[in-house]
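Novice: Here you go, this is model.tsv (TSV, C-alpha atoms (C1' of nucleotides)).
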```tsv
chain	number	residue	atom	x	y	z
A	1	MET	CA	-13.00	-21.39	1.53
A	2	SER	CA	-15.02	-23.21	-1.07
A	3	LYS	CA	-13.93	-25.50	-3.87
A	4	ASN	CA	-12.30	-23.96	-6.90
A	5	LEU	CA	-14.25	-25.59	-9.68
A	6	ARG	CA	-13.11	-23.03	-12.22
A	7	LEU	CA	-9.57	-24.25	-11.76
A	8	LYS	CA	-10.64	-27.86	-12.11
A	9	ALA	CA	-12.56	-26.99	-15.28
A	10	ALA	CA	-9.70	-25.00	-16.80
A	11	ARG	CA	-7.42	-27.93	-16.16
A	12	ALA	CA	-9.89	-30.31	-17.77
A	13	GLU	CA	-10.17	-27.97	-20.75
A	14	ARG	CA	-6.46	-28.41	-21.30
A	15	ASP	CA	-6.55	-32.13	-20.52
A	16	MET	CA	-4.01	-31.79	-17.75
A	17	THR	CA	-3.83	-33.96	-14.66
A	18	GLN	CA	-3.22	-32.42	-11.24
A	19	GLN	CA	0.24	-33.93	-11.50
A	20	ALA	CA	0.92	-32.25	-14.84
A	21	LEU	CA	-0.28	-28.87	-13.61
A	22	ALA	CA	1.78	-29.27	-10.46
A	23	GLU	CA	4.88	-29.89	-12.54
A	24	ALA	CA	4.12	-26.95	-14.82
A	25	ALA	CA	3.72	-24.75	-11.77
A	26	GLY	CA	6.67	-26.17	-9.88
A	27	VAL	CA	4.70	-27.30	-6.85
A	28	SER	CA	3.55	-30.63	-5.47
A	29	ARG	CA	0.44	-32.40	-6.64
A	30	GLN	CA	-1.01	-32.10	-3.16
A	31	THR	CA	-0.77	-28.35	-3.36
A	32	ILE	CA	-2.84	-28.28	-6.55
A	33	ASN	CA	-5.28	-30.73	-5.05
A	34	ALA	CA	-5.64	-28.64	-1.90
A	35	ILE	CA	-6.25	-25.48	-3.91
A	36	GLU	CA	-8.96	-27.19	-5.95
A	37	LYS	CA	-10.52	-28.57	-2.80
A	38	GLY	CA	-10.52	-25.07	-1.31
A	39	GLU	CA	-8.41	-26.20	1.58
A	40	TYR	CA	-6.05	-23.33	1.38
A	41	ASN	CA	-5.01	-20.09	0.32
A	42	PRO	CA	-2.17	-20.04	-2.21
A	43	THR	CA	0.15	-17.11	-2.69
A	44	ILE	CA	-0.57	-14.68	-5.53
A	45	ARG	CA	2.65	-15.74	-7.21
A	46	LEU	CA	1.52	-19.34	-7.37
A	47	CYS	CA	-1.88	-18.23	-8.63
A	48	LEU	CA	-0.16	-16.28	-11.40
A	49	THR	CA	1.96	-19.28	-12.36
A	50	ILE	CA	-1.13	-21.47	-12.50
A	51	CYS	CA	-2.95	-18.87	-14.61
A	52	HIS	CA	-0.07	-18.74	-17.06
A	53	ALA	CA	0.06	-22.52	-17.27
A	54	LEU	CA	-3.66	-22.68	-18.05
A	55	GLY	CA	-3.98	-19.58	-20.22
A	56	LYS	CA	-6.41	-17.87	-17.86
A	57	THR	CA	-6.39	-14.66	-15.84
A	58	LEU	CA	-6.58	-14.17	-12.10
A	59	ASP	CA	-10.13	-12.92	-12.37
A	60	GLU	CA	-11.14	-15.95	-14.40
A	61	LEU	CA	-9.77	-18.46	-11.92
A	62	PHE	CA	-9.57	-16.76	-8.54
A	63	TRP	CA	-11.91	-13.80	-8.33
A	64	GLU	CA	-14.55	-13.96	-5.60
A	65	GLU	CA	-17.16	-11.36	-4.79
A	66	LYS	CA	-17.12	-9.98	-1.30
A	67	GLU	CA	-19.22	-12.36	0.75
A	68	GLN	CA	-22.17	-11.27	2.84
B	1	MET	CA	9.30	-9.05	-7.47
B	2	SER	CA	8.77	-5.46	-8.53
B	3	LYS	CA	6.89	-2.62	-6.85
B	4	ASN	CA	3.13	-2.68	-7.00
B	5	LEU	CA	2.42	0.84	-8.17
B	6	ARG	CA	-1.12	-0.01	-9.20
B	7	LEU	CA	-1.91	-0.77	-5.59
B	8	LYS	CA	-0.32	2.46	-4.45
B	9	ALA	CA	-2.30	4.38	-7.07
B	10	ALA	CA	-5.60	2.69	-6.20
B	11	ARG	CA	-5.04	3.58	-2.59
B	12	ALA	CA	-4.26	7.18	-3.50
B	13	GLU	CA	-7.42	7.27	-5.64
B	14	ARG	CA	-9.39	6.48	-2.50
B	15	ASP	CA	-7.30	8.77	-0.32
B	16	MET	CA	-6.41	5.94	2.03
B	17	THR	CA	-3.20	5.68	4.01
B	18	GLN	CA	-1.32	2.39	4.26
B	19	GLN	CA	-2.54	2.30	7.84
B	20	ALA	CA	-6.18	2.73	6.81
B	21	LEU	CA	-5.93	0.04	4.14
B	22	ALA	CA	-4.20	-2.26	6.60
B	23	GLU	CA	-7.07	-1.83	9.04
B	24	ALA	CA	-9.66	-2.37	6.32
B	25	ALA	CA	-7.86	-5.55	5.29
B	26	GLY	CA	-7.17	-6.75	8.80
B	27	VAL	CA	-3.40	-6.88	8.45
B	28	SER	CA	-0.49	-4.82	9.72
B	29	ARG	CA	0.69	-1.64	8.06
B	30	GLN	CA	4.04	-3.28	7.40
B	31	THR	CA	2.33	-5.97	5.37
B	32	ILE	CA	0.69	-3.41	3.08
B	33	ASN	CA	3.96	-1.53	2.82
B	34	ALA	CA	5.85	-4.69	1.92
B	35	ILE	CA	3.32	-5.61	-0.77
B	36	GLU	CA	3.58	-2.15	-2.32
B	37	LYS	CA	7.35	-2.33	-2.19
B	38	GLY	CA	7.21	-5.71	-3.90
B	39	GLU	CA	8.96	-7.35	-1.00
B	40	TYR	CA	6.61	-10.23	-0.87
B	41	ASN	CA	4.04	-12.39	-2.11
B	42	PRO	CA	0.70	-12.07	-0.35
B	43	THR	CA	-1.87	-14.84	-0.24
B	44	ILE	CA	-4.75	-14.73	-2.71
B	45	ARG	CA	-7.15	-14.25	0.17
B	46	LEU	CA	-5.37	-11.11	1.28
B	47	CYS	CA	-5.27	-9.87	-2.32
B	48	LEU	CA	-9.02	-10.38	-2.58
B	49	THR	CA	-9.62	-8.49	0.65
B	50	ILE	CA	-7.46	-5.61	-0.59
B	51	CYS	CA	-9.32	-5.59	-3.92
B	52	HIS	CA	-12.65	-5.42	-2.14
B	53	ALA	CA	-11.44	-2.61	0.08
B	54	LEU	CA	-10.28	-0.60	-2.94
B	55	GLY	CA	-13.05	-1.50	-5.38
B	56	LYS	CA	-10.69	-3.14	-7.85
B	57	THR	CA	-10.34	-6.62	-9.31
B	58	LEU	CA	-7.44	-9.04	-9.05
B	59	ASP	CA	-6.49	-8.42	-12.66
B	60	GLU	CA	-6.48	-4.67	-12.10
B	61	LEU	CA	-4.16	-4.80	-9.11
B	62	PHE	CA	-2.21	-8.03	-9.31
B	63	TRP	CA	-2.10	-9.40	-12.83
B	64	GLU	CA	1.34	-9.84	-14.36
B	65	GLU	CA	2.19	-11.20	-17.77
B	66	LYS	CA	4.43	-14.20	-17.88
B	67	GLU	CA	7.98	-12.92	-17.80
B	68	GLN	CA	10.74	-14.06	-20.10
C	1	DA	C1'	11.59	26.18	10.59
C	2	DC	C1'	8.78	23.24	12.99
C	3	DA	C1'	5.15	19.60	14.14
C	4	DG	C1'	2.67	15.83	12.89
C	5	DA	C1'	1.49	12.41	9.74
C	6	DA	C1'	2.78	9.00	6.46
C	7	DT	C1'	6.10	5.91	4.76
C	8	DG	C1'	10.43	2.95	4.78
C	9	DT	C1'	12.90	-0.54	7.11
C	10	DC	C1'	14.83	-4.02	10.53
C	11	DA	C1'	14.88	-7.95	13.75
C	12	DA	C1'	12.62	-11.59	16.26
C	13	DG	C1'	8.60	-14.14	16.78
C	14	DT	C1'	4.16	-16.68	15.25
C	15	DA	C1'	1.00	-18.62	11.90
C	16	DT	C1'	0.37	-21.01	7.96
C	17	DA	C1'	1.56	-22.35	3.01
C	18	DT	C1'	3.94	-26.01	0.87
C	19	DT	C1'	6.75	-30.41	0.74
C	20	DT	C1'	7.54	-35.17	1.39
C	21	DT	C1'	6.12	-39.76	2.05
C	22	DA	C1'	2.62	-42.81	2.06
C	23	DC	C1'	-1.74	-45.08	1.44
C	24	DA	C1'	-6.77	-45.38	0.22
C	25	DA	C1'	-10.62	-44.43	-2.92
C	26	DA	C1'	-12.37	-43.45	-7.32
C	27	DA	C1'	-12.21	-43.21	-12.19
C	28	DT	C1'	-10.74	-45.05	-16.82
C	29	DA	C1'	-9.25	-48.30	-19.89
C	30	DT	C1'	-8.24	-53.05	-21.41
D	1	DA	C1'	-12.86	-58.17	-13.46
D	2	DT	C1'	-8.54	-56.33	-13.05
D	3	DA	C1'	-4.74	-53.30	-13.93
D	4	DT	C1'	-3.40	-48.42	-14.25
D	5	DT	C1'	-4.06	-43.77	-13.67
D	6	DT	C1'	-5.97	-40.13	-11.19
D	7	DT	C1'	-7.63	-38.09	-7.19
D	8	DG	C1'	-8.42	-37.63	-2.04
D	9	DT	C1'	-6.34	-37.37	2.38
D	10	DA	C1'	-3.16	-37.46	6.55
D	11	DA	C1'	0.96	-36.52	9.48
D	12	DA	C1'	5.43	-34.52	10.17
D	13	DA	C1'	8.83	-31.36	8.55
D	14	DT	C1'	10.29	-26.99	6.24
D	15	DA	C1'	9.80	-22.46	4.04
D	16	DT	C1'	7.83	-18.29	4.17
D	17	DA	C1'	3.80	-14.94	4.93
D	18	DC	C1'	2.62	-11.96	8.38
D	19	DT	C1'	2.90	-9.69	13.18
D	20	DT	C1'	4.75	-6.80	16.70
D	21	DG	C1'	7.51	-3.22	18.24
D	22	DA	C1'	10.61	0.18	17.37
D	23	DC	C1'	13.06	3.80	15.03
D	24	DA	C1'	14.47	6.63	10.89
D	25	DT	C1'	13.14	9.15	6.92
D	26	DT	C1'	10.17	11.70	3.96
D	27	DC	C1'	6.02	14.42	3.13
D	28	DT	C1'	2.41	18.02	4.21
D	29	DG	C1'	0.67	21.77	6.39
D	30	DT	C1'	1.16	25.90	9.26
```
Once you've parsed the file, please lay out its structure as structure tokens.

Specialist:
Amino acid sequence: MSKNLRLKAARAERDMTQQALAEAAGVSRQTINAIEKGEYNPTIRLCLTICHALGKTLDELFWEEKEQ
Amino acid sequence: MSKNLRLKAARAERDMTQQALAEAAGVSRQTINAIEKGEYNPTIRLCLTICHALGKTLDELFWEEKEQ
DNA sequence: ACAGAATGTCAAGTATATTTTACAAAATAT
DNA sequence: ATATTTTGTAAAATATACTTGACATTCTGT
């Protein structure tokens, strides 16, 4: 998995820290950090919560074309 | 969580059984069944694989408006 | 009515997402 | 320069996604 720079950018756009987004989403800061770093694979429900918190859609933040 | 009828419909549109989609996505049939029944909360990576297999986007199959 | 395929469901196990605590590095402001 | 905030990272524990196997039910065709 590669870094999620779209998430980082959307967060910046709203001037939210990882901490603030974590609180808005009800998860730990490390979870947000790990998602941005591409270190794992959140559940769709968490993705949806993050999208709602940032005013973005799944496709905007999490879509990836089939690789290869 | 509520049933994912969009997933069921997209699968029907492609004339794929749960078994066939499970194989295409590399998971068990029960996992596909549980997702359609709304019994759980797949990872984003699995959602992406399912989308690719069915030729749909995340927003088409998994988007939900904020409830409440 | 019957056979076979597809779907629904359950229980026990395994893999992995997420938490907590803690500290180090980097960025930002004073 | 130095204090403060923000971000990166790690290890151990916990919650939960997902598997396997098995059986019951519903659907589809003949």

Novice: Considering all atoms listed in the file, extract the chain B residues located within 6 Å of chain A and return them as a list in words.

Specialist: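 Using all atoms listed in the file, chain B residues at most 6 Å from chain A: Pro42, Thr43, Ile44, Leu58 and Asp59 of chain B.
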
Novice: Residues at most 10 Å from stretch 24-30 of chain C, counting all atoms listed in the file, excluding those fewer than 6 positions away in the same chain, as a compact mmCIF listing (two decimals) with C-alpha atoms (C1' of nucleotides), in the coordinates of the input?

Specialist:
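File produced: out_5.txt:
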```txt
# COMPACT_ATOMS: atom_id res chain seq x y z
C1' DT D 2 -8.54 -56.33 -13.05
C1' DA D 3 -4.74 -53.30 -13.93
C1' DT D 4 -3.40 -48.42 -14.25
C1' DT D 5 -4.06 -43.77 -13.67
C1' DT D 6 -5.97 -40.13 -11.19
C1' DT D 7 -7.63 -38.09 -7.19
C1' DG D 8 -8.42 -37.63 -2.04
C1' DT D 9 -6.34 -37.37 2.38
```

Novice: Within 12 Å of chain D, which residues of chain A are there when counting all atoms listed in the file? Please give them as an MDAnalysis selection string.

Specialist: chainID A and resid 8 16:20 29:30 32:34 36:37 39 41:44

Novice: For atom CA of B:Glu23 and atom C1' of C:DT9, quote the distance in Å rounded to one decimal.

Specialist: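 Between atom CA of B:Glu23 and atom C1' of C:DT9 the gap works out to 20.1 Å.
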
Novice: What is the distance, in Å and to one decimal place, between atom CA of A:Gly55 and atom CA of B:Ala10?

Specialist: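 Those two atoms sit 26.4 Å apart.
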
Novice: Using only C-alpha atoms (C1' of nucleotides), which chain C residues lie at most 9 Å away from chain A, written as a list in words?

Specialist: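 The answer, sorted by residue number, is DA17, DT18 and DT19 of chain C.
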
Novice: In Å, rounded to a single decimal, give me how far atom CA of A:Asn4 is from atom CA of A:Leu61.

Specialist: 7.9 Å

Novice: Let me have the centre and edge lengths in Å, one decimal, of the box along x, y and z around every listed atom of stretch 48-65 of chain B with 8 Å of margin on each side, as JSON.

Specialist:
```
{"center_x": -5.4, "center_y": -5.9, "center_z": -8.6, "size_x": 31.2, "size_y": 26.6, "size_z": 34.4}
```

Novice: Kindly complete stretch 45-68 of chain B to N, CA and C atoms; the output should be written as a short mmCIF file (atom, residue, chain, number, x, y, z; two decimals), in the frame of the given file.

Specialist:
```cif
data_model
loop_
_atom_site.label_atom_id
_atom_site.label_comp_id
_atom_site.auth_asym_id
_atom_site.auth_seq_id
_atom_site.Cartn_x
_atom_site.Cartn_y
_atom_site.Cartn_z
N ARG B 45 -6.07 -14.73 -0.70
CA ARG B 45 -7.15 -14.25 0.17
C ARG B 45 -6.92 -12.80 0.60
N LEU B 46 -5.68 -12.50 0.93
CA LEU B 46 -5.37 -11.11 1.28
C LEU B 46 -5.53 -10.20 0.06
N CYS B 47 -5.08 -10.66 -1.10
CA CYS B 47 -5.27 -9.87 -2.32
C CYS B 47 -6.74 -9.58 -2.56
N LEU B 48 -7.58 -10.58 -2.37
CA LEU B 48 -9.02 -10.38 -2.58
C LEU B 48 -9.56 -9.35 -1.59
N THR B 49 -9.15 -9.45 -0.35
CA THR B 49 -9.62 -8.49 0.65
C THR B 49 -9.19 -7.07 0.28
N ILE B 50 -7.95 -6.93 -0.17
CA ILE B 50 -7.46 -5.61 -0.59
C ILE B 50 -8.27 -5.10 -1.78
N CYS B 51 -8.51 -5.98 -2.75
CA CYS B 51 -9.32 -5.59 -3.92
C CYS B 51 -10.69 -5.10 -3.50
N HIS B 52 -11.32 -5.83 -2.60
CA HIS B 52 -12.65 -5.42 -2.14
C HIS B 52 -12.59 -4.06 -1.45
N ALA B 53 -11.56 -3.88 -0.64
CA ALA B 53 -11.44 -2.61 0.08
C ALA B 53 -11.23 -1.44 -0.87
N LEU B 54 -10.60 -1.69 -2.02
CA LEU B 54 -10.28 -0.60 -2.94
C LEU B 54 -11.20 -0.55 -4.16
N GLY B 55 -12.13 -1.49 -4.25
CA GLY B 55 -13.05 -1.50 -5.38
C GLY B 55 -12.37 -1.81 -6.70
N LYS B 56 -11.39 -2.71 -6.64
CA LYS B 56 -10.69 -3.14 -7.85
C LYS B 56 -10.75 -4.66 -7.97
N THR B 57 -10.38 -5.17 -9.14
CA THR B 57 -10.34 -6.62 -9.31
C THR B 57 -8.89 -7.12 -9.18
N LEU B 58 -8.77 -8.42 -9.09
CA LEU B 58 -7.44 -9.04 -9.05
C LEU B 58 -6.62 -8.64 -10.27
N ASP B 59 -7.23 -8.75 -11.44
CA ASP B 59 -6.49 -8.42 -12.66
C ASP B 59 -6.03 -6.97 -12.65
N GLU B 60 -6.85 -6.08 -12.11
CA GLU B 60 -6.48 -4.67 -12.10
C GLU B 60 -5.29 -4.39 -11.18
N LEU B 61 -5.24 -5.10 -10.07
CA LEU B 61 -4.16 -4.80 -9.11
C LEU B 61 -3.00 -5.78 -9.13
N PHE B 62 -3.26 -7.03 -9.51
CA PHE B 62 -2.21 -8.03 -9.31
C PHE B 62 -1.80 -8.84 -10.55
N TRP B 63 -2.48 -8.63 -11.65
CA TRP B 63 -2.10 -9.40 -12.83
C TRP B 63 -0.70 -9.05 -13.31
N GLU B 64 0.05 -10.06 -13.70
CA GLU B 64 1.34 -9.84 -14.36
C GLU B 64 1.46 -10.81 -15.52
N GLU B 65 1.91 -10.30 -16.65
CA GLU B 65 2.19 -11.20 -17.77
C GLU B 65 3.34 -12.12 -17.42
N LYS B 66 3.31 -13.28 -18.05
CA LYS B 66 4.43 -14.20 -17.88
C LYS B 66 5.72 -13.49 -18.29
N GLU B 67 6.72 -13.56 -17.41
CA GLU B 67 7.98 -12.92 -17.80
C GLU B 67 8.82 -13.89 -18.61
N GLN B 68 9.82 -13.31 -19.24
CA GLN B 68 10.74 -14.06 -20.10
C GLN B 68 10.29 -14.13 -21.54
#
```
